[in-house]
file coords-v1.cif (mmCIF, C-alpha atoms)
data_final
loop_
_atom_site.label_atom_id
_atom_site.label_comp_id
_atom_site.auth_asym_id
_atom_site.auth_seq_id
_atom_site.Cartn_x
_atom_site.Cartn_y
_atom_site.Cartn_z
CA MET A 1 -22.63 30.70 1.80
CA MET A 2 -24.18 31.36 5.21
CA LEU A 3 -21.97 29.23 7.41
CA THR A 4 -23.39 28.33 10.80
CA ALA A 5 -22.28 25.95 13.49
CA ALA A 6 -25.12 23.68 12.38
CA ASN A 7 -23.81 23.67 8.79
CA HIS A 8 -20.38 22.63 10.01
CA GLY A 9 -21.89 20.03 12.29
CA PHE A 10 -23.90 18.37 9.55
CA MET A 11 -20.96 18.41 7.12
CA GLY A 12 -18.79 17.02 9.90
CA GLN A 13 -21.24 14.13 10.22
CA ALA A 14 -21.07 13.55 6.45
CA LEU A 15 -17.28 13.44 6.61
CA GLU A 16 -17.37 11.04 9.57
CA LEU A 17 -19.70 8.76 7.62
CA ALA A 18 -17.44 8.97 4.56
CA GLY A 19 -14.49 7.93 6.73
CA ARG A 20 -16.18 4.62 7.43
CA GLY A 21 -15.27 3.65 3.88
CA LEU A 22 -11.58 4.47 4.41
CA TYR A 23 -10.46 0.89 3.76
CA THR A 24 -13.08 -0.26 1.27
CA THR A 25 -14.25 2.23 -1.38
CA THR A 26 -11.28 2.12 -3.74
CA PRO A 27 -11.22 2.96 -6.60
CA ASN A 28 -14.21 5.12 -5.72
CA PRO A 29 -13.91 8.13 -3.40
CA ARG A 30 -15.03 8.00 0.22
CA VAL A 31 -18.41 9.71 0.46
CA GLY A 32 -20.90 10.31 3.28
CA CYS A 33 -24.27 12.05 3.19
CA VAL A 34 -26.61 13.62 5.75
CA ILE A 35 -30.14 14.81 4.98
CA VAL A 36 -31.59 17.49 7.26
CA ARG A 37 -35.14 18.81 7.46
CA GLU A 38 -36.20 21.56 9.86
CA GLY A 39 -32.93 21.23 11.74
CA ALA A 40 -33.20 17.48 12.32
CA VAL A 41 -31.30 14.67 10.62
CA VAL A 42 -33.80 12.50 8.72
CA GLY A 43 -31.43 10.28 6.74
CA THR A 44 -27.77 9.28 6.53
CA GLY A 45 -25.68 7.06 4.29
CA TRP A 46 -22.13 6.24 3.25
CA HIS A 47 -20.59 4.51 0.27
CA GLU A 48 -19.04 1.18 1.20
CA LYS A 49 -17.49 -0.15 -2.00
CA THR A 50 -17.62 -0.17 -5.79
CA GLY A 51 -20.89 -1.36 -7.23
CA MET A 52 -22.86 -0.71 -4.05
CA PRO A 53 -25.25 2.27 -3.68
CA HIS A 54 -23.75 5.71 -3.32
CA ALA A 55 -24.06 7.63 -0.05
CA GLU A 56 -26.75 9.98 -1.37
CA VAL A 57 -28.99 7.13 -2.51
CA LEU A 58 -28.72 5.39 0.85
CA ALA A 59 -29.44 8.60 2.75
CA LEU A 60 -32.46 9.35 0.54
CA LYS A 61 -33.77 5.83 1.10
CA ALA A 62 -33.44 6.29 4.86
CA ALA A 63 -35.19 9.67 4.73
CA GLY A 64 -38.05 8.53 2.52
CA ALA A 65 -40.77 11.19 2.12
CA ARG A 66 -39.00 13.39 4.66
CA ALA A 67 -36.38 14.24 2.01
CA ARG A 68 -38.87 16.55 0.24
CA GLY A 69 -37.91 20.14 1.02
CA ALA A 70 -34.80 19.03 2.92
CA THR A 71 -31.12 20.01 2.71
CA LEU A 72 -28.63 17.36 1.65
CA TYR A 73 -25.04 17.58 2.98
CA VAL A 74 -22.38 15.58 1.14
CA ASN A 75 -18.58 15.76 1.11
CA LEU A 76 -18.30 15.39 -2.69
CA GLU A 77 -20.34 16.71 -5.60
CA PRO A 78 -23.12 14.22 -6.48
CA CYS A 79 -22.37 12.24 -9.62
CA SER A 80 -24.17 13.09 -12.86
CA HIS A 81 -23.04 10.22 -15.08
CA HIS A 82 -23.94 6.57 -15.51
CA GLY A 83 -21.09 4.53 -14.07
CA ARG A 84 -21.48 1.29 -12.13
CA THR A 85 -24.60 2.89 -10.57
CA PRO A 86 -27.15 5.46 -11.85
CA PRO A 87 -26.55 9.23 -11.40
CA CYS A 88 -27.17 10.50 -7.86
CA VAL A 89 -28.42 13.86 -9.16
CA ASP A 90 -31.50 12.15 -10.58
CA ALA A 91 -32.34 10.53 -7.25
CA ILE A 92 -31.86 13.85 -5.44
CA ARG A 93 -34.14 15.65 -7.88
CA ASP A 94 -36.82 12.97 -7.78
CA ALA A 95 -36.82 13.00 -3.97
CA GLY A 96 -37.69 16.68 -3.90
CA VAL A 97 -34.56 17.86 -2.07
CA GLU A 98 -34.56 21.66 -1.86
CA ARG A 99 -30.88 22.41 -1.21
CA VAL A 100 -27.55 20.64 -1.63
CA VAL A 101 -24.44 21.62 0.34
CA ALA A 102 -21.28 19.90 -0.90
CA ALA A 103 -17.79 20.18 0.53
CA MET A 104 -16.05 20.12 -2.84
CA GLN A 105 -16.47 19.69 -6.58
CA ASP A 106 -15.76 16.22 -7.95
CA PRO A 107 -12.34 16.24 -9.72
CA ASN A 108 -13.50 13.39 -11.98
CA PRO A 109 -13.66 14.89 -15.50
CA GLN A 110 -16.93 12.97 -16.01
CA VAL A 111 -18.49 15.11 -13.26
CA ALA A 112 -16.40 18.26 -12.59
CA GLY A 113 -19.28 20.63 -11.95
CA ALA A 114 -21.83 18.85 -14.17
CA GLY A 115 -23.60 17.47 -11.10
CA PHE A 116 -24.01 20.96 -9.64
CA ALA A 117 -25.25 22.28 -13.00
CA ARG A 118 -27.90 19.58 -13.31
CA LEU A 119 -29.11 20.17 -9.76
CA ARG A 120 -29.41 23.92 -10.37
CA ALA A 121 -31.22 23.26 -13.65
CA ALA A 122 -33.75 21.25 -11.63
CA GLY A 123 -34.33 24.25 -9.35
CA ILE A 124 -32.26 22.94 -6.44
CA ALA A 125 -30.09 25.44 -4.55
CA VAL A 126 -26.44 24.40 -4.56
CA GLU A 127 -23.58 25.57 -2.35
CA HIS A 128 -20.09 24.14 -2.05
CA GLY A 129 -16.80 24.82 -0.29
CA LEU A 130 -17.83 24.03 3.29
CA MET A 131 -14.98 22.07 4.97
CA GLU A 132 -13.35 21.59 1.58
CA ASP A 133 -9.86 21.07 3.00
CA GLU A 134 -11.05 18.20 5.20
CA ALA A 135 -12.92 16.67 2.27
CA ARG A 136 -9.87 16.90 0.02
CA GLU A 137 -7.65 15.24 2.64
CA LEU A 138 -10.06 12.33 3.01
CA ASN A 139 -9.91 11.62 -0.74
CA ILE A 140 -6.40 12.87 -1.44
CA GLY A 141 -5.51 9.85 -3.57
CA PHE A 142 -8.66 10.04 -5.68
CA VAL A 143 -8.10 13.77 -6.22
CA ALA A 144 -4.47 13.17 -7.22
CA ARG A 145 -5.35 10.46 -9.73
CA MET A 146 -8.12 12.50 -11.29
CA THR A 147 -6.23 15.78 -11.55
CA ARG A 148 -2.72 14.68 -12.54
CA GLY A 149 -2.98 11.08 -13.71
CA ARG A 150 -0.88 9.62 -10.87
CA PRO A 151 -1.78 8.14 -7.47
CA TRP A 152 -0.85 9.79 -4.19
CA MET A 153 2.38 8.20 -2.96
CA ARG A 154 3.13 7.92 0.74
CA VAL A 155 6.57 6.57 1.75
CA LYS A 156 6.60 4.92 5.16
CA ILE A 157 9.93 4.75 7.00
CA ALA A 158 10.84 3.32 10.40
CA ALA A 159 14.13 4.64 11.69
CA SER A 160 16.28 5.21 14.74
CA LEU A 161 16.59 8.75 16.08
CA ASP A 162 19.74 9.20 14.01
CA GLY A 163 17.85 8.31 10.83
CA ARG A 164 19.01 4.72 10.31
CA THR A 165 16.52 2.28 8.83
CA ALA A 166 18.57 -0.91 9.13
CA LEU A 167 21.90 -2.29 10.22
CA ALA A 168 24.73 -2.48 7.69
CA ASN A 169 23.81 -6.13 7.07
CA GLY A 170 20.23 -5.16 6.19
CA ARG A 171 18.53 -6.28 9.39
CA SER A 172 15.69 -3.96 10.41
CA GLN A 173 13.27 -6.05 12.47
CA TRP A 174 12.40 -4.32 14.69
CA ILE A 175 13.53 -0.72 15.07
CA THR A 176 10.19 0.68 16.21
CA GLY A 177 7.83 -0.69 18.85
CA GLU A 178 4.66 -2.72 18.51
CA PRO A 179 2.27 0.30 18.71
CA ALA A 180 4.06 1.98 15.80
CA ARG A 181 3.94 -1.21 13.75
CA ARG A 182 0.21 -1.58 14.42
CA ASP A 183 -0.30 2.03 13.38
CA GLY A 184 1.60 1.34 10.18
CA HIS A 185 -0.85 -1.41 9.30
CA ARG A 186 -3.72 1.09 9.46
CA TRP A 187 -1.93 3.21 6.86
CA ARG A 188 -1.40 0.09 4.75
CA ALA A 189 -5.09 -0.72 5.01
CA ARG A 190 -6.23 2.61 3.55
CA ALA A 191 -3.89 2.27 0.55
CA CYS A 192 -4.82 0.71 -2.76
CA ALA A 193 -1.39 -0.90 -3.03
CA VAL A 194 1.72 -1.51 -0.93
CA LEU A 195 4.93 -1.12 -2.92
CA THR A 196 8.43 -2.37 -2.16
CA GLY A 197 11.62 -3.30 -3.96
CA PHE A 198 13.50 -6.51 -4.59
CA GLY A 199 16.11 -5.62 -1.97
CA THR A 200 13.51 -5.54 0.80
CA VAL A 201 11.98 -8.80 -0.42
CA ARG A 202 15.42 -10.43 -0.40
CA ASP A 203 16.48 -9.08 3.00
CA ASP A 204 13.21 -9.21 4.98
CA ASP A 205 10.92 -11.60 3.04
CA PRO A 206 7.88 -9.48 4.04
CA GLN A 207 4.25 -10.49 3.54
CA LEU A 208 3.21 -6.87 2.83
CA ASN A 209 -0.38 -7.62 3.84
CA VAL A 210 -2.60 -5.88 6.38
CA ARG A 211 -2.74 -7.52 9.79
CA GLY A 212 -4.52 -6.53 12.98
CA VAL A 213 -6.96 -4.20 11.19
CA ASP A 214 -10.63 -4.97 10.67
CA THR A 215 -10.81 -4.73 6.88
CA PRO A 216 -12.33 -7.01 4.22
CA ARG A 217 -9.85 -5.83 1.57
CA GLN A 218 -6.15 -6.49 1.14
CA PRO A 219 -4.18 -3.96 -0.95
CA LEU A 220 -2.43 -5.02 -4.12
CA LYS A 221 1.24 -5.85 -3.48
CA ILE A 222 3.79 -4.37 -5.88
CA VAL A 223 7.45 -5.37 -6.15
CA VAL A 224 9.82 -3.19 -8.18
CA ASP A 225 12.36 -5.74 -9.39
CA SER A 226 14.28 -4.62 -12.48
CA LYS A 227 15.86 -8.03 -13.21
CA PHE A 228 12.99 -10.22 -11.93
CA GLU A 229 15.15 -11.70 -9.19
CA THR A 230 12.31 -12.26 -6.72
CA SER A 231 12.14 -15.88 -5.62
CA PRO A 232 8.91 -17.69 -6.55
CA SER A 233 8.79 -18.85 -2.91
CA ALA A 234 8.89 -15.29 -1.51
CA ARG A 235 6.12 -14.63 1.01
CA VAL A 236 5.04 -11.51 -0.86
CA LEU A 237 3.72 -13.78 -3.63
CA GLN A 238 1.59 -15.82 -1.22
CA GLY A 239 -1.99 -14.76 -0.52
CA GLY A 240 -3.54 -11.86 -2.39
CA LYS A 241 -2.59 -10.28 -5.69
CA THR A 242 1.00 -9.31 -6.44
CA LEU A 243 2.33 -7.26 -9.33
CA VAL A 244 6.04 -7.61 -10.12
CA VAL A 245 7.43 -4.77 -12.22
CA GLY A 246 10.70 -5.24 -14.07
CA ALA A 247 12.80 -3.82 -16.86
CA VAL A 248 14.09 -6.85 -18.75
CA SER A 249 12.46 -9.50 -20.87
CA ASP A 250 13.68 -12.66 -19.13
CA ALA A 251 11.20 -15.32 -20.26
CA LYS A 252 12.33 -17.98 -17.78
CA LYS A 253 12.16 -15.76 -14.70
CA ILE A 254 8.88 -14.19 -15.80
CA ALA A 255 7.32 -17.62 -16.35
CA SER A 256 8.48 -18.72 -12.90
CA LEU A 257 6.90 -15.67 -11.25
CA LYS A 258 3.66 -16.16 -13.14
CA GLU A 259 3.54 -19.80 -12.05
CA ALA A 260 3.82 -18.53 -8.46
CA GLY A 261 0.70 -16.41 -9.05
CA ALA A 262 2.22 -13.02 -9.79
CA GLU A 263 1.24 -10.64 -12.55
CA VAL A 264 4.28 -9.31 -14.41
CA VAL A 265 4.76 -6.08 -16.35
CA ILE A 266 7.85 -4.61 -18.00
CA ILE A 267 8.34 -0.84 -17.83
CA PRO A 268 12.02 -0.10 -18.62
CA ASN A 269 13.92 3.15 -18.66
CA ASP A 270 17.05 3.82 -20.74
CA GLY A 271 19.31 2.64 -17.91
CA GLY A 272 17.87 -0.84 -17.53
CA LYS A 273 15.84 0.05 -14.44
CA VAL A 274 12.10 0.45 -13.99
CA GLU A 275 10.77 3.77 -15.27
CA LEU A 276 9.10 4.90 -12.06
CA PHE A 277 7.09 7.83 -13.41
CA LYS A 278 5.56 5.62 -16.10
CA LEU A 279 4.87 2.98 -13.46
CA MET A 280 2.83 5.53 -11.50
CA GLU A 281 0.88 6.39 -14.64
CA GLU A 282 0.21 2.69 -15.17
CA LEU A 283 -1.04 2.36 -11.59
CA ALA A 284 -3.39 5.31 -12.16
CA ARG A 285 -4.66 3.58 -15.30
CA ARG A 286 -5.46 0.62 -13.05
CA GLU A 287 -7.51 3.01 -10.86
CA LEU A 288 -5.20 2.95 -7.84
CA ASN A 289 -5.60 6.05 -5.68
CA GLU A 290 -3.06 5.72 -2.85
CA ILE A 291 0.28 3.93 -2.94
CA HIS A 292 1.95 3.04 0.36
CA VAL A 293 5.69 2.45 0.01
CA GLU A 294 7.75 0.31 2.39
CA ALA A 295 11.10 -0.03 0.69
CA GLY A 296 14.82 0.35 1.25
CA THR A 297 17.13 3.31 0.91
CA LYS A 298 17.86 2.79 -2.80
CA LEU A 299 14.27 2.58 -4.03
CA ASN A 300 13.22 5.36 -1.65
CA GLY A 301 15.89 7.58 -3.19
CA SER A 302 14.94 6.62 -6.74
CA LEU A 303 11.27 7.39 -6.11
CA LEU A 304 12.19 10.76 -4.63
CA GLN A 305 14.42 11.60 -7.59
CA ALA A 306 11.69 10.53 -10.03
CA GLY A 307 9.39 13.14 -8.50
CA VAL A 308 6.61 10.72 -7.59
CA VAL A 309 6.72 10.97 -3.78
CA ASP A 310 4.07 13.17 -2.17
CA GLU A 311 4.30 12.39 1.51
CA LEU A 312 6.59 10.82 4.10
CA LEU A 313 5.25 8.80 7.02
CA VAL A 314 8.25 8.51 9.35
CA TYR A 315 8.36 6.63 12.65
CA LEU A 316 11.36 7.56 14.79
CA ALA A 317 12.44 5.23 17.59
CA PRO A 318 14.31 6.47 20.69
CA SER A 319 17.47 4.59 19.74
CA LEU A 320 20.78 5.15 17.98
CA ILE A 321 22.40 2.87 15.40
CA GLY A 322 25.32 4.94 14.14
CA ASP A 323 26.88 5.79 10.80
CA SER A 324 27.30 2.17 9.76
CA GLY A 325 23.54 1.74 9.50
CA ARG A 326 21.52 2.28 6.35
CA GLY A 327 19.89 5.65 5.78
CA MET A 328 16.42 6.65 4.61
CA PHE A 329 17.23 7.77 1.06
CA HIS A 330 20.13 7.01 -1.25
CA LEU A 331 20.62 10.36 -3.02
CA PRO A 332 23.46 12.10 -4.85
CA ALA A 333 25.80 14.12 -2.66
CA LEU A 334 24.90 17.78 -2.28
CA THR A 335 27.40 20.61 -2.30
CA GLU A 336 24.95 23.25 -1.11
CA LEU A 337 22.30 23.05 1.62
CA SER A 338 20.03 25.21 -0.52
CA ARG A 339 19.57 22.22 -2.82
CA SER A 340 18.19 19.96 -0.09
CA LYS A 341 14.59 18.72 -0.37
CA ALA A 342 12.24 21.07 1.45
CA LEU A 343 9.40 19.45 3.39
CA LYS A 344 6.32 20.69 5.19
CA ILE A 345 5.61 19.03 8.53
CA ARG A 346 1.90 18.15 8.73
CA GLU A 347 1.74 16.20 11.98
CA VAL A 348 3.96 15.05 14.82
CA GLU A 349 2.45 12.51 17.21
CA ARG A 350 3.71 10.06 19.76
CA VAL A 351 2.83 6.43 19.08
CA GLY A 352 3.87 4.28 22.00
CA GLU A 353 7.52 5.10 22.64
CA ASP A 354 8.08 6.30 19.06
CA LEU A 355 7.37 9.53 17.19
CA ARG A 356 5.26 9.58 14.02
CA ILE A 357 6.00 12.44 11.63
CA LEU A 358 3.87 13.17 8.58
CA ALA A 359 5.64 15.47 6.11
CA ARG A 360 4.90 16.53 2.55
CA LEU A 361 7.09 17.55 -0.32
#
call {"tool": "encode", "arguments": {"input": "coords-v1.cif", "output": "structure tokens"}}
result
Amino acid sequence: MMLTAANHGFMGQALELAGRGLYTTTPNPRVGCVIVREGAVVGTGWHEKTGMPHAEVLALKAAGARARGATLYVNLEPCSHHGRTPPCVDAIRDAGVERVVAAMQDPNPQVAGAGFARLRAAGIAVEHGLMEDEARELNIGFVARMTRGRPWMRVKIAASLDGRTALANGRSQWITGEPARRDGHRWRARACAVLTGFGTVRDDDPQLNVRGVDTPRQPLKIVVDSKFETSPSARVLQGGKTLVVGAVSDAKKIASLKEAGAEVVIIPNDGGKVELFKLMEELARRELNEIHVEAGTKLNGSLLQAGVVDELLVYLAPSLIGDSGRGMFHLPALTELSRSKALKIREVERVGEDLRILARL
């Protein structure tokens, strides 16, 4: 592919447009489109939410007759199947577009190169791979669900500089400052679901909703509660949808939670706890792309041991709590440092007085 500054600029615009759907497109991917003719942008569009027109269709509508002979830039391969909306490849062909430049192939098995093939069969030049890394990052949850059958899991932790997430008595409000807490809500907002455990519900009685962010959508709330001990009056059950996942068939407790508005599922492992890997597969079946975890040390450790954690979002406050405080992960003792979990640091940024570290397993 002949890569020019202009190519990167137009794809950058498509990615910026796609990012406007960061909080709203789920379960669909975030997609933006730019149509260029003779070096000038003649149409743009971005996908807002499921059931609404795709980015390519909106951009073609904006371009009108000027789309004929133009180049279409899009961050994801145009769809070729009938889903909730008609195939975008048909609209692109009918509009007379001459060339399509896509950042990446669609990982959805229903597309997976079929869109490119149909465009080429219609005589349209197709190129892909431009700014692919950026495109993959934008839709990392969608890619994960489509390629491995599990959502992307991000574990958010707020801790003191010595790695303590709460006092010995469980109190944790507030370790980090207001700017860090506001930033955390933006990460909640992009997720399809916010997951916690019964211990956090008992100790903190959190709402687990998104506040202070301009978004029309609230993520699903998920409580991992093996024995269904969550109180029907818990704030997490008020406002919005809540899924309580347990491991026992306790008819009375389940009925009480359902009366409070919760959905209940039972996914047990052999030890009487929730089978976390199967839970992630169930969440993928429900078309959830990104899971944002805000839990305590025990569930954090269990998720890590189950192999379902992809990323850590850690806020470190400039304070010390000491050894009596609760840690980040409850894990078995190691006898060799070589067996510690290796991470890759992706970002380190200052947020107010705190540090935000993004690391991947």
call {"tool": "resolve_selection", "arguments": {"input": "coords-v1.cif", "expression": "the PyMOL selection byres ((chain A and resi 288-296) around 9)", "output": "short mmCIF file (atom, residue, chain, number, x, y, z; two decimals) with C-alpha atoms, in the coordinates of the input"}}
result
data_model
loop_
_atom_site.label_atom_id
_atom_site.label_comp_id
_atom_site.auth_asym_id
_atom_site.auth_seq_id
_atom_site.Cartn_x
_atom_site.Cartn_y
_atom_site.Cartn_z
CA THR A 26 -11.28 2.12 -3.74
CA PRO A 27 -11.22 2.96 -6.60
CA ASN A 28 -14.21 5.12 -5.72
CA PRO A 29 -13.91 8.13 -3.40
CA ASN A 139 -9.91 11.62 -0.74
CA ILE A 140 -6.40 12.87 -1.44
CA GLY A 141 -5.51 9.85 -3.57
CA PHE A 142 -8.66 10.04 -5.68
CA VAL A 143 -8.10 13.77 -6.22
CA ALA A 144 -4.47 13.17 -7.22
CA ARG A 145 -5.35 10.46 -9.73
CA MET A 146 -8.12 12.50 -11.29
CA ARG A 150 -0.88 9.62 -10.87
CA PRO A 151 -1.78 8.14 -7.47
CA TRP A 152 -0.85 9.79 -4.19
CA MET A 153 2.38 8.20 -2.96
CA ARG A 154 3.13 7.92 0.74
CA VAL A 155 6.57 6.57 1.75
CA LYS A 156 6.60 4.92 5.16
CA ILE A 157 9.93 4.75 7.00
CA THR A 165 16.52 2.28 8.83
CA ALA A 166 18.57 -0.91 9.13
CA TRP A 187 -1.93 3.21 6.86
CA ARG A 188 -1.40 0.09 4.75
CA ARG A 190 -6.23 2.61 3.55
CA ALA A 191 -3.89 2.27 0.55
CA CYS A 192 -4.82 0.71 -2.76
CA ALA A 193 -1.39 -0.90 -3.03
CA VAL A 194 1.72 -1.51 -0.93
CA LEU A 195 4.93 -1.12 -2.92
CA THR A 196 8.43 -2.37 -2.16
CA GLY A 197 11.62 -3.30 -3.96
CA PHE A 198 13.50 -6.51 -4.59
CA GLY A 199 16.11 -5.62 -1.97
CA THR A 200 13.51 -5.54 0.80
CA VAL A 201 11.98 -8.80 -0.42
CA LEU A 208 3.21 -6.87 2.83
CA LEU A 283 -1.04 2.36 -11.59
CA ALA A 284 -3.39 5.31 -12.16
CA ARG A 285 -4.66 3.58 -15.30
CA ARG A 286 -5.46 0.62 -13.05
CA GLU A 287 -7.51 3.01 -10.86
CA THR A 297 17.13 3.31 0.91
CA LYS A 298 17.86 2.79 -2.80
CA LEU A 299 14.27 2.58 -4.03
CA ASN A 300 13.22 5.36 -1.65
CA GLY A 301 15.89 7.58 -3.19
CA ARG A 326 21.52 2.28 6.35
CA GLY A 327 19.89 5.65 5.78
CA MET A 328 16.42 6.65 4.61
CA PHE A 329 17.23 7.77 1.06
CA HIS A 330 20.13 7.01 -1.25
#
call {"tool": "residues_around", "arguments": {"input": "coords-v1.cif", "residues": "Glu259 of chain A", "least_positions_apart": "3", "cutoff": "12 Å", "atoms": "only C-alpha atoms", "output": "short mmCIF file (atom, residue, chain, number, x, y, z; two decimals) with C-alpha atoms, in the coordinates of the input"}}
result
data_model
loop_
_atom_site.label_atom_id
_atom_site.label_comp_id
_atom_site.auth_asym_id
_atom_site.auth_seq_id
_atom_site.Cartn_x
_atom_site.Cartn_y
_atom_site.Cartn_z
CA SER A 231 12.14 -15.88 -5.62
CA PRO A 232 8.91 -17.69 -6.55
CA SER A 233 8.79 -18.85 -2.91
CA LEU A 237 3.72 -13.78 -3.63
CA GLN A 238 1.59 -15.82 -1.22
CA LYS A 252 12.33 -17.98 -17.78
CA LYS A 253 12.16 -15.76 -14.70
CA ILE A 254 8.88 -14.19 -15.80
CA ALA A 255 7.32 -17.62 -16.35
CA SER A 256 8.48 -18.72 -12.90
CA ALA A 262 2.22 -13.02 -9.79
CA GLU A 263 1.24 -10.64 -12.55
CA VAL A 264 4.28 -9.31 -14.41
#
call {"tool": "atom_distance", "arguments": {"input": "coords-v1.cif", "atom1": "atom CA of Gly43 of chain A", "atom2": "atom CA of Glu56 of chain A"}}
result
9.4 Å
call {"tool": "closest_residue", "arguments": {"input": "coords-v1.cif", "among": "A:Leu17, A:His185, A:Tyr23, A:Gly149", "to": "Ala59 of chain A", "atoms": "only C-alpha atoms"}}
result
A:Leu17
call {"tool": "resolve_selection", "arguments": {"input": "coords-v1.cif", "expression": "the PyMOL selection byres ((chain A and resi 306-310) around 6)", "output": "number ranges by chain"}}
result
A: 153, 303-305, 311, 360-361
